[in-house]
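The file coords_7.txt contains compact mmCIF, C-alpha atoms:
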```
# COMPACT_ATOMS: atom_id res chain seq x y z
CA LEU O 1 7.06 -1.59 -36.12
CA HIS O 2 10.85 -1.33 -36.30
CA LYS O 3 10.72 2.16 -34.78
CA ALA O 4 8.38 0.96 -32.00
CA ILE O 5 10.70 -1.94 -31.09
CA ARG O 6 13.74 0.34 -31.09
CA ARG O 7 11.92 2.85 -28.86
CA GLN O 8 10.90 0.07 -26.44
CA ARG O 9 14.50 -1.14 -26.24
CA GLN O 10 15.67 2.38 -25.50
CA MET O 11 13.14 2.59 -22.66
CA CYS O 12 13.98 -0.79 -21.08
CA ILE O 13 17.74 -1.15 -21.58
CA ARG O 14 19.73 1.43 -19.64
CA ASP O 15 23.22 -0.05 -19.48
CA ARG O 16 24.84 3.31 -18.62
CA ARG O 17 22.33 4.46 -16.03
CA ARG O 18 23.72 4.61 -12.48
CA THR O 19 22.52 5.96 -9.15
CA ALA O 20 25.34 8.14 -7.85
CA LEU O 21 26.21 9.43 -4.41
CA ALA O 22 26.35 13.23 -4.34
CA LEU O 23 26.89 15.99 -1.81
CA TYR O 24 24.52 18.95 -1.87
CA ASP O 25 25.62 22.28 -0.38
CA ILE O 26 22.57 24.14 0.92
CA SER O 27 24.41 27.48 1.13
CA THR O 28 25.62 27.51 -2.49
CA GLY O 29 23.13 25.16 -4.14
CA SER O 30 26.00 23.14 -5.64
CA LEU O 31 25.77 19.40 -6.20
CA THR O 32 29.03 17.40 -6.27
CA ARG O 33 29.15 13.81 -7.46
CA LEU O 34 31.18 11.61 -5.10
CA THR O 35 31.16 8.19 -6.78
CA PRO O 36 32.75 7.02 -10.07
CA GLU O 37 30.93 6.92 -13.39
CA HIS O 38 30.28 3.17 -13.41
CA MET O 39 29.38 2.75 -9.74
CA ASP O 40 25.71 2.11 -8.90
CA VAL O 41 24.74 3.06 -5.31
CA MET O 42 21.96 1.15 -3.52
CA ARG O 43 21.73 2.62 -0.01
CA CYS O 44 23.45 5.37 1.94
CA LYS O 45 23.26 6.27 5.64
CA LEU O 46 24.91 9.22 7.36
CA ASP O 47 26.72 8.67 10.63
CA ASP O 48 25.67 10.72 13.65
CA SER O 49 28.68 12.98 13.12
CA ARG O 50 27.42 13.89 9.62
CA LYS O 51 31.06 13.74 8.52
CA THR O 52 31.11 10.15 7.26
CA ALA O 53 28.60 7.82 5.67
CA LEU O 54 28.24 4.14 4.84
CA PHE O 55 26.84 3.05 1.50
CA THR O 56 26.39 -0.09 -0.56
CA ALA O 57 27.29 -0.07 -4.23
CA VAL O 58 28.56 -2.12 -7.15
CA GLU O 59 30.87 -1.00 -9.93
CA TYR O 60 30.52 -2.61 -13.36
CA VAL O 61 30.68 -1.84 -17.09
CA ASP O 62 28.67 -4.68 -18.68
CA VAL O 63 26.54 -7.22 -16.75
CA LYS O 64 25.51 -6.05 -13.28
CA PRO O 65 26.70 -8.52 -10.59
CA THR O 66 24.32 -9.86 -7.95
CA GLU O 67 26.91 -9.14 -5.25
CA ASN O 68 27.88 -5.68 -4.03
CA SER O 69 30.17 -4.04 -1.46
CA LEU O 70 29.93 -1.88 1.64
CA TYR O 71 31.87 1.38 1.59
CA GLU O 72 32.70 4.22 3.95
CA ILE O 73 33.13 7.75 2.63
CA ASP O 74 34.69 10.76 4.32
CA LEU O 75 32.41 13.62 3.29
CA THR O 76 35.11 16.20 4.04
CA THR O 77 37.84 14.74 1.84
CA GLY O 78 35.77 12.51 -0.45
CA ALA O 79 38.00 9.52 0.37
CA VAL O 80 36.23 6.18 -0.11
CA LYS O 81 37.20 2.94 1.65
CA CYS O 82 35.78 -0.51 0.91
CA LEU O 83 34.93 -2.29 4.17
CA SER O 84 34.11 -5.63 2.53
CA GLU O 85 37.16 -6.11 0.32
CA GLY O 86 37.43 -9.71 -0.88
CA LEU O 87 33.93 -10.75 0.23
CA SER O 88 31.46 -12.25 -2.24
CA PHE O 89 28.23 -11.07 -0.66
CA GLY O 90 24.98 -9.29 -1.44
CA PHE O 91 24.55 -6.54 1.16
CA ASP O 92 20.95 -5.55 1.66
CA ASN O 93 20.98 -3.16 4.63
CA PHE O 94 23.31 -2.02 7.41
CA VAL O 95 23.63 0.01 10.60
CA ARG O 96 26.58 1.34 12.59
CA ALA O 97 26.81 2.20 16.28
CA GLY O 98 30.23 3.23 17.53
CA ASN O 99 32.72 0.67 16.27
CA ARG O 100 30.10 -1.98 15.51
CA ILE O 101 28.63 -2.55 12.05
CA ALA O 102 25.72 -4.94 11.56
CA VAL O 103 24.54 -5.88 8.09
CA SER O 104 21.80 -7.95 6.49
CA GLY O 105 22.30 -9.86 3.30
CA SER O 106 23.15 -13.18 1.70
CA ASP O 107 26.03 -14.95 -0.02
CA HIS O 108 23.55 -16.43 -2.56
CA LYS O 109 25.25 -19.83 -2.29
CA ALA O 110 22.20 -21.91 -1.30
CA VAL O 111 19.42 -20.79 -3.68
CA GLY O 112 20.84 -17.76 -5.46
CA VAL O 113 19.35 -14.27 -5.25
CA ASN O 114 16.09 -15.63 -3.76
CA GLN O 115 17.86 -16.90 -0.65
CA ASN O 116 16.53 -15.44 2.61
CA ILE O 117 18.85 -12.79 3.99
CA ASN O 118 20.33 -13.06 7.48
CA VAL O 119 21.98 -10.78 10.05
CA TYR O 120 25.75 -10.49 10.34
CA GLU O 121 28.39 -8.44 12.09
CA LEU O 122 31.14 -7.02 9.89
CA ALA O 123 34.50 -6.56 11.58
CA GLU O 124 37.98 -6.34 10.07
CA GLY O 125 36.69 -7.43 6.67
CA LYS O 126 35.01 -10.60 7.97
CA LEU O 127 31.36 -11.52 8.40
CA LYS O 128 29.99 -13.36 11.44
CA CYS O 129 26.42 -14.66 11.28
CA LEU O 130 24.51 -13.55 14.38
CA ALA O 131 21.39 -15.69 13.89
CA PRO O 132 22.23 -19.01 12.17
CA ASP O 133 18.74 -20.42 12.82
CA LEU O 134 16.88 -17.39 11.47
CA ASP O 135 14.87 -18.27 8.36
CA SER O 136 12.30 -15.52 7.77
CA SER O 137 11.68 -12.65 5.41
CA LEU O 138 13.37 -9.68 7.09
CA ARG O 139 10.56 -7.33 6.10
CA SER O 140 6.79 -7.17 6.12
CA ALA O 141 5.77 -9.78 3.54
CA VAL O 142 2.06 -9.60 4.38
CA GLY O 143 0.27 -8.72 1.14
CA SER O 144 -2.65 -6.33 1.02
CA ASP O 145 -4.41 -4.14 -1.56
CA CYS O 146 -5.19 -1.61 1.20
CA ARG O 147 -1.83 0.17 1.06
CA TYR O 148 -0.99 3.14 -1.11
CA ASN O 149 2.75 2.62 -0.97
CA GLY O 150 5.59 1.73 1.36
CA ALA O 151 9.26 2.35 2.04
CA ASP O 152 11.91 -0.19 1.09
CA GLN O 153 13.06 -1.37 4.51
CA GLU O 154 14.02 -4.94 3.71
CA GLY O 155 16.69 -6.09 6.13
CA ASP O 156 16.67 -2.80 8.05
CA LEU O 157 18.36 -2.93 11.45
CA ALA O 158 18.73 -0.76 14.54
CA PHE O 159 21.06 -1.13 17.52
CA ASP O 160 19.59 -1.15 21.02
CA GLY O 161 22.58 -1.65 23.28
CA SER O 162 23.76 -5.21 22.68
CA ARG O 163 20.53 -6.08 20.86
CA LEU O 164 19.60 -5.62 17.21
CA ILE O 165 16.07 -4.61 16.25
CA TYR O 166 14.61 -5.98 13.02
CA CYS O 167 11.28 -6.67 11.30
CA ALA O 168 10.35 -10.15 10.07
CA THR O 169 7.32 -12.04 8.85
CA ASP O 170 6.15 -15.05 10.84
CA ARG O 171 3.53 -16.94 8.85
CA TYR O 172 0.76 -14.35 8.34
CA ARG O 173 2.01 -11.57 10.64
CA SER O 174 4.96 -9.20 10.48
CA ARG O 175 6.45 -8.07 13.77
CA LEU O 176 9.35 -6.24 15.32
CA TYR O 177 11.91 -8.46 17.02
CA ALA O 178 14.99 -7.98 19.17
CA LEU O 179 17.96 -10.18 18.29
CA ASN O 180 19.73 -10.92 21.56
CA ALA O 181 23.46 -11.44 22.05
CA ASP O 182 22.98 -15.23 22.35
CA GLY O 183 21.31 -15.45 18.90
CA THR O 184 17.76 -15.82 20.19
CA SER O 185 14.99 -13.41 19.20
CA SER O 186 12.26 -11.79 21.31
CA VAL O 187 8.95 -10.51 19.94
CA LEU O 188 8.42 -6.78 20.58
CA THR O 189 5.03 -6.16 18.91
CA HIS O 190 2.21 -8.47 19.97
CA GLU O 191 -1.02 -6.61 19.12
CA ALA O 192 -0.36 -5.30 15.60
CA ASP O 193 -0.92 -7.69 12.70
CA THR O 194 1.70 -6.00 10.52
CA VAL O 195 4.65 -3.69 10.92
CA ASP O 196 4.97 -2.06 7.51
CA ASN O 197 7.37 0.86 8.11
CA TRP O 198 9.23 1.50 11.32
CA ASP O 199 11.93 3.46 13.10
CA TRP O 200 13.64 2.79 16.43
CA LYS O 201 14.98 5.45 18.78
CA GLY O 202 15.65 5.40 22.52
CA ARG O 203 14.15 1.95 23.23
CA ALA O 204 10.90 2.80 21.43
CA ALA O 205 9.57 2.12 17.94
CA ALA O 206 7.18 4.17 15.84
CA PHE O 207 5.57 2.10 13.11
CA THR O 208 2.70 1.96 10.65
CA GLY O 209 0.67 -1.18 10.28
CA PHE O 210 -2.63 -3.02 10.36
CA ARG O 211 -4.46 -4.11 13.48
CA GLY O 212 -7.59 -6.24 13.16
CA LEU O 213 -9.83 -4.96 10.37
CA ASN O 214 -8.50 -1.41 10.64
CA LEU O 215 -6.55 0.25 7.86
CA GLN O 216 -3.00 1.49 8.41
CA GLU O 217 -2.36 3.82 11.33
CA LEU O 218 0.68 5.06 13.22
CA TYR O 219 1.56 3.25 16.45
CA LEU O 220 4.12 3.56 19.22
CA CYS O 221 5.71 0.50 20.83
CA GLU O 222 7.39 1.35 24.12
CA ASP O 223 8.17 -0.71 27.24
CA GLY O 224 6.25 -3.68 25.85
CA ALA O 225 3.05 -1.72 25.23
CA GLU O 226 1.56 -0.62 21.89
CA ARG O 227 -0.39 2.61 21.58
CA GLN O 228 -2.27 3.90 18.56
CA LEU O 229 -1.24 7.47 17.73
CA THR O 230 -3.43 8.33 14.72
CA HIS O 231 -6.96 7.66 13.54
CA HIS O 232 -6.67 8.87 9.95
CA ASN O 233 -8.81 6.06 8.52
CA ALA O 234 -11.44 5.71 11.26
CA ASP O 235 -14.22 7.34 9.22
CA VAL O 236 -13.80 4.73 6.46
CA PHE O 237 -15.92 2.36 8.53
CA ASP O 238 -18.79 4.78 9.20
CA GLY O 239 -21.99 3.04 8.14
CA VAL O 240 -20.11 -0.09 7.06
CA ALA O 241 -20.55 -3.58 8.49
CA LEU O 242 -17.71 -6.08 8.07
CA SER O 243 -17.47 -9.82 8.57
CA GLN O 244 -14.62 -10.96 10.81
CA PRO O 245 -12.35 -13.48 9.00
CA GLN O 246 -12.11 -16.83 10.80
CA HIS O 247 -8.61 -18.31 10.92
CA ILE O 248 -8.11 -22.04 10.40
CA VAL O 249 -5.01 -24.23 10.12
CA VAL O 250 -4.95 -27.29 7.85
CA GLU O 251 -2.19 -29.89 8.22
CA ASN O 252 -0.88 -31.53 5.04
CA ASP O 253 2.15 -33.83 4.86
CA GLY O 254 3.52 -32.38 8.09
CA TRP O 255 3.04 -28.77 7.00
CA ASP O 256 0.61 -26.32 8.61
CA ILE O 257 -1.33 -24.28 6.04
CA ASP O 258 -3.06 -21.11 7.23
CA GLY O 259 -6.46 -20.28 5.81
CA TRP O 260 -9.42 -17.99 6.43
CA PHE O 261 -13.12 -17.98 5.73
CA MET O 262 -15.76 -15.30 6.27
CA LYS O 263 -19.31 -15.94 7.43
CA PRO O 264 -22.16 -13.83 6.04
CA LEU O 265 -23.17 -10.87 8.20
CA GLY O 266 -25.82 -11.90 10.71
CA TYR O 267 -24.88 -15.55 10.25
CA GLU O 268 -27.29 -18.02 11.83
CA GLU O 269 -26.18 -21.56 12.67
CA GLY O 270 -28.09 -24.14 10.61
CA LYS O 271 -29.28 -21.66 8.00
CA LYS O 272 -28.32 -22.31 4.37
CA TYR O 273 -26.63 -19.50 2.41
```

Encoded form (structure tokens):
Amino acid sequence: LHKAIRRQRQMCIRDRRRTALALYDISTGSLTRLTPEHMDVMRCKLDDSRKTALFTAVEYVDVKPTENSLYEIDLTTGAVKCLSEGLSFGFDNFVRAGNRIAVSGSDHKAVGVNQNINVYELAEGKLKCLAPDLDSSLRSAVGSDCRYNGADQEGDLAFDGSRLIYCATDRYRSRLYALNADGTSSVLTHEADTVDNWDWKGRAAAFTGFRGLNLQELYLCEDGAERQLTHHNADVFDGVALSQPQHIVVENDGWDIDGWFMKPLGYEEGKKY
């Protein structure tokens, strides 16, 4: 029993394990570590020039902090610069376009690590909240057992001119939104029930998601229209009859509660089931 407990502790407690940032040279096959021994890297994104990158990380030797920092690294020289020096903040995601850096995250001051993240602009070491009234999960929080897996895109952002594109969950649907310069948001996807993984380029979004009773497929959202690109799961419904869920809203103490019920196939009014 003592050996089993010790083995379990060895499996679960990894105080020296860190995710490092490294540079791989395709021509030589060499791998060079770029970050210190005690630094744990969360995310990294290359700039368009491929000469610099932004990454989030935290450096510690005992208890891992809930806050982290945003860094810039010069991939030619290896020089690292902290862009959030002096800030107590939990950075979740980030994007850079030209001289602008937008980030998502939270200061954890209201309800700790479970506080909803928001969207900020980082400039000269200071954070400015771009959507003070935003209070949503900045990801697809629609649960389903019909997914194999998914990418971690919580708080992901994309610049579209002066707008920022993001995904958020509104009640029982996740959608793509555009955050406008005045702090208001506009819905971009109207037909899909979920936006699970997405990418934005040239004023268009490719995304996977659910629509109606269909399983995940790939869609394109462009100029306000959504178009299905794949039909990988169409044959799943061959010879299958499904009941359409009926959506209801119940009000309780001033709160709207969403619910669904499903009628039997071939339902007849007045018949007992």

**Request:** List every protein, DNA or RNA residue with an atom no more than 10 Å from (21.6, -11.3, 19.3) in the file's coordinates, counting all atoms listed in the file, and format the result as a list in words.
**Result:**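 Checking each residue against the 10 Å limit leaves Val119, Tyr120, Cys129, Leu130, Ala131, Ser162, Arg163, Leu164, Ile165, Ala178, Leu179, Asn180, Ala181, Asp182, Gly183, Thr184, Ser185 and Ser186 of chain O.
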
**Prompt:** In Å to one decimal, how far is CA of Glu226 (chain O) from CA of Asn197 (chain O)?
**Reply:**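 Computing the Euclidean distance for CA of Asn197 (chain O) and CA of Glu226 (chain O) yields 15.0 Å.
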
**Message:** When you look at region 21-35 of chain O with a cut-off of 12 Å (counting all atoms listed in the file), what residues show up, excluding the ones that are within fewer than 4 positions of it in the same chain? I need them as a list in words.
**Reply:**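 In the requested format, the answer is Met39, Asp40, Val41, Met42, Arg43, Cys44, Lys45, Leu46, Arg50, Lys51, Thr52, Ala53, Leu54, Phe55, Thr56, Ala57, Val58, Glu59, Tyr71, Glu72, Ile73, Asp74, Leu75, Thr76, Thr77, Gly78, Ala79, Val80 and Lys81 of chain O.
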
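The residue that comes closest to Thr194 (chain O), out of O:Asn99, O:Gly224, O:Val240, O:Arg147 and on the basis of all atoms listed in the file, is O:Arg147.
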
Interface rows for region 135-225 of chain O against region 87-94 of chain O: nearest pair, Å to one decimal, 8 Å, only C-alpha atoms, as CSV:
```
residue,atom,partner,partner_atom,distance
O:Glu154,CA,O:Asn93,CA,7.2
O:Gly155,CA,O:Asn93,CA,5.4
O:Asp156,CA,O:Asn93,CA,5.5
O:Leu157,CA,O:Phe94,CA,6.5
```

Please produce, as JSON lines, a per-residue contact table for region 66-184 of chain O versus region 243-267 of chain O (criterion: any atom at most 12 Å away, all atoms listed in the file considered), showing the nearest atom pair and its distance in Å to one decimal, sorted by chain then residue number.
```
{"residue": "O:Asp170", "atom": "CA", "partner": "O:Asp258", "partner_atom": "CA", "distance": 11.6}
{"residue": "O:Arg171", "atom": "CA", "partner": "O:Asp258", "partner_atom": "CA", "distance": 8.0}
{"residue": "O:Tyr172", "atom": "CA", "partner": "O:Asp258", "partner_atom": "CA", "distance": 7.8}
{"residue": "O:Arg173", "atom": "CA", "partner": "O:Asp258", "partner_atom": "CA", "distance": 11.3}
```

**Asked** From the set O:Asp107, O:Val63, O:His190, O:Ala225, which residue has the shortest atom-to-atom contact distance to Arg211 (chain O), counting all atoms listed in the file?
**Response** O:His190

**Asked** For Arg100 (chain O), which residue among O:Ala141, O:Leu127, O:Tyr166, O:Asn118 is the nearest when counting only C-alpha atoms?
**Response** O:Leu127

**Message:** Between CA of Ala241 (chain O) and CA of Cys146 (chain O), what is the distance in Å, rounded to a tenth?
**Reply:**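 Separating CA of Ala241 (chain O) from CA of Cys146 (chain O) is a distance of 17.1 Å.
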
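Taking CA of Leu213 (chain O) and CA of Ser174 (chain O) as endpoints, the distance between them is 15.4 Å.
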
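Among the candidate residues O:Gly239, O:Trp198, O:Lys64, O:Ala102, the one lying nearest to Tyr219 (chain O) is O:Trp198, with distances computed using all atoms listed in the file.
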
**Prompt:** Of the residues O:Ala205, O:Ala123, O:Tyr148, O:Ala97, which is the one nearest to Gly161 (chain O), using all atoms listed in the file?
**Reply:**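 Counting all atoms listed in the file, the residue closest to Gly161 (chain O) is O:Ala97.
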
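For the choices O:Gly150, O:Ala168, O:Asn233, O:Pro65, the atom-to-atom distance to Asn116 (chain O) is smallest for O:Ala168 when using all atoms listed in the file.
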